[in-house]
Each structure stands twice: as C-alpha cells, then as structure tokens.
Amino acid sequence: MDSPSPWPIDCWYAVGLSSQVSRQPLAHRFQGREVVLMRDGGGCVLAFDGRCAHRGCSLAAGWAQGDTLVCPYHGWRYDAQGTCVQIPALRPEESIPRQAHLRTFPTRERHGFVWLWLAGRHTSPDEEVQDIPELAGLSLRDGGDMAFTYATHFTRTIENGIDPTHAAFVHGKSIGRVDPATDFSLEHYPVQVEPGSLYGRMPIKVKKLTGLTRLLLKGDSGNAYKEYRFLYPNVVVSIIHFGALTLAALQAHVPDNDRETTVRVTNGRNFLGTTPLLNRLFDRITLDTGLQISKEDAAVISEQEPKRVSFRGSNEVLIESDLILVEYRRMMRERARV
C-alpha cells in the first residue's frame, strides 16, 4: 500500500507568477522536486517534472522548440504530455524507450498565478480554481510582483499571512508606527467557512503610516479595516481598506520542501489606474515595502518551533483573536488529512 502523501492532494496549488512565465523554461521548487513551467506557441502554460528522464539534467536550462521542451544535455525533446518524441543519438533502427516520459501537471492561470493540479485519487481536476470575490473592482499589478523564501514549513507562512494581530508588533519599520494610545484588544470578528475557503474581516490597529505611502493612503481613518481570504491549500489574499482606497496582496505559499517555503506575491488596487508615472512609483513602493515586510516576518516565523503546524494535538494556546487560525487548522485537519 502506498504511504499517504505528506501534502494535500486532489487540489490546485498556486506555484508561480504568471508575469514570470514565458517561452523560456522556468524552474520552481515544489514539494521536494523541481517543476519547470513554460508557455507553448499559443501562450498556454505547460508544467513538467524538471529533470530529464535520461540522466537527471535540469530542464530549466533547456529551451522551447515549437510546443516541445528540449533538454540542454543531450537534446531529448518532450511534448506537452511529457512524452519523449525525439532522441538525437538514436540510430534509425532504434526506438524511443517507453520509459522516456516526464510527469506533467494540469495547469490554470487565474488571479495572477499559475496553478498546478496535484493529483491523488483524481488524476484529472474535479474542480476549478476558486473565484476571489474581494478582487472585484481591483486592477492586478505585476509591477510589484515579488518572491521571498522562508526557512520554515508552508503551514507556518500561511498562518502568518492570516494572523490578524501581529502587524503592530512586527512591522513598525515597513508599515508604520503604533499609536501609543492604541487599544490592542481585537473585537470579535466572524469567520465565514466555505468549501475550500475561509474569510474574515477585522479592524486595523496600525494607522501611523510612513513615507509616501502615508500621503497616498491617508483615506478615512474611521473606515480602515482589513480582510483575509484563504483558498485551500496555499493561497492567502490580504486586503486593506483605507476609506475608498483598497490594496490587495495575493500570496501563493509554495512549499519548496518540508522546511522551506517561497511566498510569491502579486498585488491589486483600485486607484492610480490612469496615471502611469504614479503607477510605476507606487509599484516600486509596493515592492520595497513587501520585501521589508517579508524580512520582518522571516525574523520571527523562521524561528518558530515546530516548523510545521500541528493540526492535531498542538500544545499551542490559541485565543479568541486567533479564530481564523483555528478555522484554518480545522479545515486542514478535515480536508488535507496530512
């Protein structure tokens, strides 16, 4: 009997940023393996296991030839289904071995990400990538796309992404100072539990913004709040509202292996849509701020023990303000079964 997967299966993982995938093969680490992404001649994303079936060479250094992927070591060519269709060294009387095949993954492009279907009992997708209703009216911007690798399990980075109370203590340098008179108690917030999704909304405690961000996001301090949506198994959407202004960060928490996670981020907003110079400037601010936030988070969560969240029998003491984390753990325990 096969041992159970250490990862959620039969689901869509966001693994890459659409803005980075081109005709040139691109490698990403994913669950202890290398996955190569590339576009075919029609612009669709193909996803392959990243090592040639011949001698284990990385296919990321290869190239596209028509709709095939060519290994840079001996020129073996693989079609979109992962079947080897040419081996230059073969003599005319020889045939391509049936074992000359790469694992491939069904793909989708939505919300600025490339998604892979990780099969278990269902070799083909039995559901589609979910909608994110909070993105209605927002324009996705790839100018602030970024990636940051954390030395911890993806369950820890996800919990950090939906944690509603750490920003005031961790992100003073990136987001802004804490008002000394702030009441840090967090009022009760409901969490909507939907099939494969969680949603919560809560007030913002940090309001002393810094730098140019302060000028652009002054908004209405009496109408400042944040929303979190988690899409099973690895996407967090963090949305901040300052009056009529809205910023969204879409985070794909990609498990490189069981001790490292690369979080890939794309962004959306509902302002500066018709001012190119300010658009580019704010993209740069978004990128710089995002990298600083990531460094501040990494200093804390990379030191958490155990590295992986325990969904059963955890000794961690959770309180009412952790409600969205409680629901996340319940969803993972019931659906992931890992």
# chains A, B, ... in the order shown; residues from 1 in each chain; ligands from 1
>>> residues_around(residues="Gln130 (chain A)", least_positions_apart="6", cutoff="9 Å", atoms="only C-alpha atoms", output="VMD selection string")
chain A and resid 110 196 to 197 231
>>> write_last_selection(atoms="C-alpha atoms", output="short mmCIF file (atom, residue, chain, number, x, y, z; two decimals), in the first residue's frame")
data_model
loop_
_atom_site.label_atom_id
_atom_site.label_comp_id
_atom_site.auth_asym_id
_atom_site.auth_seq_id
_atom_site.Cartn_x
_atom_site.Cartn_y
_atom_site.Cartn_z
CA ARG A 110 -6.07 32.91 -12.60
CA GLY A 196 -12.20 25.20 0.35
CA SER A 197 -12.19 28.81 1.56
CA LEU A 231 -8.02 29.43 -0.56
#
>>> select_by_dssp(residues="region 52-222 of chain A", states="strand (DSSP E)", output="PyMOL selection string")
chain A and resi 63-65+68-70+77-78+84-86+107-110+113-118+139-150+176-177+191-194+197-203+208-209
>>> residues_around(residues="region 144-157 of chain A", least_positions_apart="5", cutoff="7 Å", atoms="only C-alpha atoms", output="PyMOL selection string")
chain A and resi 253-255+258-267+283-284+286-287+294+298+301-302+307-309
>>> write_last_selection(atoms="N, CA and C atoms", output="tab-separated table (two decimals), in the first residue's frame")
chain	number	residue	atom	x	y	z
A	253	HIS	N	1.72	30.53	-1.22
A	253	HIS	CA	2.68	29.94	-0.28
A	253	HIS	C	3.12	28.59	-0.83
A	254	VAL	N	4.21	28.61	-1.58
A	254	VAL	CA	4.63	27.43	-2.34
A	254	VAL	C	5.59	26.59	-1.50
A	255	PRO	N	5.21	25.35	-1.16
A	255	PRO	CA	6.10	24.51	-0.36
A	255	PRO	C	7.27	24.00	-1.20
A	258	ASP	N	9.87	20.38	2.93
A	258	ASP	CA	9.20	20.39	4.23
A	258	ASP	C	9.79	21.40	5.21
A	259	ARG	N	10.86	22.12	4.80
A	259	ARG	CA	11.44	23.11	5.71
A	259	ARG	C	11.66	24.48	5.06
A	260	GLU	N	11.25	24.65	3.83
A	260	GLU	CA	11.39	25.93	3.14
A	260	GLU	C	10.14	26.23	2.33
A	261	THR	N	9.78	27.51	2.29
A	261	THR	CA	8.58	27.95	1.57
A	261	THR	C	8.92	29.23	0.81
A	262	THR	N	8.57	29.27	-0.46
A	262	THR	CA	8.70	30.51	-1.22
A	262	THR	C	7.31	31.12	-1.37
A	263	VAL	N	7.15	32.33	-0.86
A	263	VAL	CA	5.88	33.04	-0.99
A	263	VAL	C	6.00	33.98	-2.18
A	264	ARG	N	5.15	33.76	-3.18
A	264	ARG	CA	5.13	34.61	-4.37
A	264	ARG	C	3.91	35.51	-4.29
A	265	VAL	N	4.12	36.79	-4.55
A	265	VAL	CA	3.10	37.79	-4.28
A	265	VAL	C	2.83	38.62	-5.52
A	266	THR	N	1.55	38.81	-5.83
A	266	THR	CA	1.12	39.80	-6.80
A	266	THR	C	0.12	40.72	-6.12
A	267	ASN	N	-0.11	41.88	-6.69
A	267	ASN	CA	-0.86	42.92	-5.98
A	267	ASN	C	-1.97	43.50	-6.84
A	283	ASP	N	4.15	51.05	-7.67
A	283	ASP	CA	4.61	49.67	-7.82
A	283	ASP	C	5.95	49.49	-7.10
A	284	ARG	N	6.84	50.46	-7.25
A	284	ARG	CA	8.14	50.37	-6.58
A	284	ARG	C	7.97	50.43	-5.07
A	286	THR	N	5.34	49.48	-3.41
A	286	THR	CA	4.73	48.20	-3.05
A	286	THR	C	5.78	47.10	-2.95
A	287	LEU	N	6.69	47.05	-3.94
A	287	LEU	CA	7.74	46.03	-3.94
A	287	LEU	C	8.68	46.21	-2.76
A	294	SER	N	8.46	41.12	4.45
A	294	SER	CA	8.88	39.72	4.42
A	294	SER	C	10.08	39.49	5.33
A	298	ALA	N	10.11	37.05	8.48
A	298	ALA	CA	11.05	35.93	8.49
A	298	ALA	C	11.83	35.87	9.80
A	301	ILE	N	9.00	34.13	12.18
A	301	ILE	CA	8.39	32.82	11.91
A	301	ILE	C	9.42	31.76	11.55
A	302	SER	N	10.59	32.16	11.07
A	302	SER	CA	11.61	31.15	10.76
A	302	SER	C	12.18	30.52	12.03
A	307	LYS	N	8.53	23.50	13.20
A	307	LYS	CA	8.48	24.20	11.92
A	307	LYS	C	7.13	24.04	11.24
A	308	ARG	N	6.51	22.90	11.45
A	308	ARG	CA	5.24	22.60	10.80
A	308	ARG	C	4.10	22.71	11.81
A	309	VAL	N	3.01	23.36	11.42
A	309	VAL	CA	1.85	23.47	12.30
A	309	VAL	C	1.26	22.08	12.53
>>> closest_residue(among="A:Glu334, A:Asp131, A:Glu227, A:Glu94", to="Ala249 (chain A)", atoms="only C-alpha atoms")
A:Glu227
>>> residues_around(residues="Ser124 (chain A)", least_positions_apart="6", cutoff="10 Å", atoms="only C-alpha atoms", output="VMD selection string")
chain A and resid 10 105 to 106 117 to 118
>>> write_last_selection(atoms="N, CA and C atoms", output="short mmCIF file (atom, residue, chain, number, x, y, z; two decimals), in the first residue's frame")
data_model
loop_
_atom_site.label_atom_id
_atom_site.label_comp_id
_atom_site.auth_asym_id
_atom_site.auth_seq_id
_atom_site.Cartn_x
_atom_site.Cartn_y
_atom_site.Cartn_z
N ASP A 10 -5.23 16.24 -4.60
CA ASP A 10 -6.50 16.48 -5.29
C ASP A 10 -6.95 17.93 -5.10
N PHE A 105 1.63 18.21 -15.31
CA PHE A 105 0.57 18.66 -14.42
C PHE A 105 -0.45 19.48 -15.20
N PRO A 106 -1.75 19.27 -14.96
CA PRO A 106 -2.75 20.20 -15.50
C PRO A 106 -2.49 21.59 -14.93
N TRP A 117 -2.49 21.24 -10.74
CA TRP A 117 -3.33 20.25 -10.09
C TRP A 117 -2.44 19.12 -9.58
N LEU A 118 -2.45 18.91 -8.25
CA LEU A 118 -1.69 17.81 -7.66
C LEU A 118 -2.64 16.64 -7.47
#
>>> closest_residue(among="A:Gly66, A:Gly50, A:Gly172, A:Pro306", to="Leu26 (chain A)", atoms="only C-alpha atoms")
A:Gly50
>>> atom_distance(atom1="CA of Gly313 (chain A)", atom2="CA of Ala336 (chain A)")
15.8 Å
>>> atom_distance(atom1="CA of Gly82 (chain A)", atom2="CA of Leu116 (chain A)")
15.0 Å
>>> closest_residue(among="A:Gly32, A:Pro25, A:Gly16, A:Pro233", to="Ala64 (chain A)", atoms="only C-alpha atoms")
A:Pro25
>>> residues_around(residues="Ile96 (chain A)", least_positions_apart="4", cutoff="8 Å", atoms="only C-alpha atoms", output="JSON list (two decimals) with C-alpha atoms, in the first residue's frame")
[["chain", "number", "residue", "atom", "x", "y", "z"],
["A", 84, "CYS", "CA", 9.78, 11.96, -25.36],
["A", 85, "VAL", "CA", 9.34, 12.45, -29.11],
["A", 86, "GLN", "CA", 12.97, 12.72, -30.22],
["A", 87, "ILE", "CA", 16.36, 11.43, -29.07],
["A", 90, "LEU", "CA", 19.27, 7.12, -31.64],
["A", 100, "ALA", "CA", 11.27, 8.13, -21.63]]
>>> atom_distance(atom1="CA of Gln31 (chain A)", atom2="CA of Asp256 (chain A)")
5.1 Å
>>> select_by_dssp(residues="region 28-204 of chain A", states="helix (DSSP H, G or I)", output="ChimeraX atom specification")
/A:59-61,133-135,154-162,167-170
>>> residues_around(residues="Gly120 (chain A)", least_positions_apart="5", cutoff="9 Å", atoms="only C-alpha atoms", output="ChimeraX atom specification")
/A:5,8-11
>>> write_last_selection(atoms="C-alpha atoms", output="PDB file, in the first residue's frame")
ATOM      1  CA  SER A   5       1.115  11.979   0.861  1.00  0.00           C
ATOM      2  CA  PRO A   8      -2.656  17.994   0.463  1.00  0.00           C
ATOM      3  CA  ILE A   9      -3.645  16.258  -2.766  1.00  0.00           C
ATOM      4  CA  ASP A  10      -6.503  16.485  -5.285  1.00  0.00           C
ATOM      5  CA  CYS A  11      -6.339  20.275  -5.271  1.00  0.00           C
TER       6      CYS A  11
END
>>> residues_around(residues="Leu325 (chain A)", least_positions_apart="4", cutoff="8 Å", atoms="only C-alpha atoms", output="number ranges by chain")
A: 159, 162-163, 329
>>> closest_residue(among="A:Val45, A:Val35, A:Leu245, A:Ile239", to="Gly161 (chain A)", atoms="only C-alpha atoms")
A:Ile239
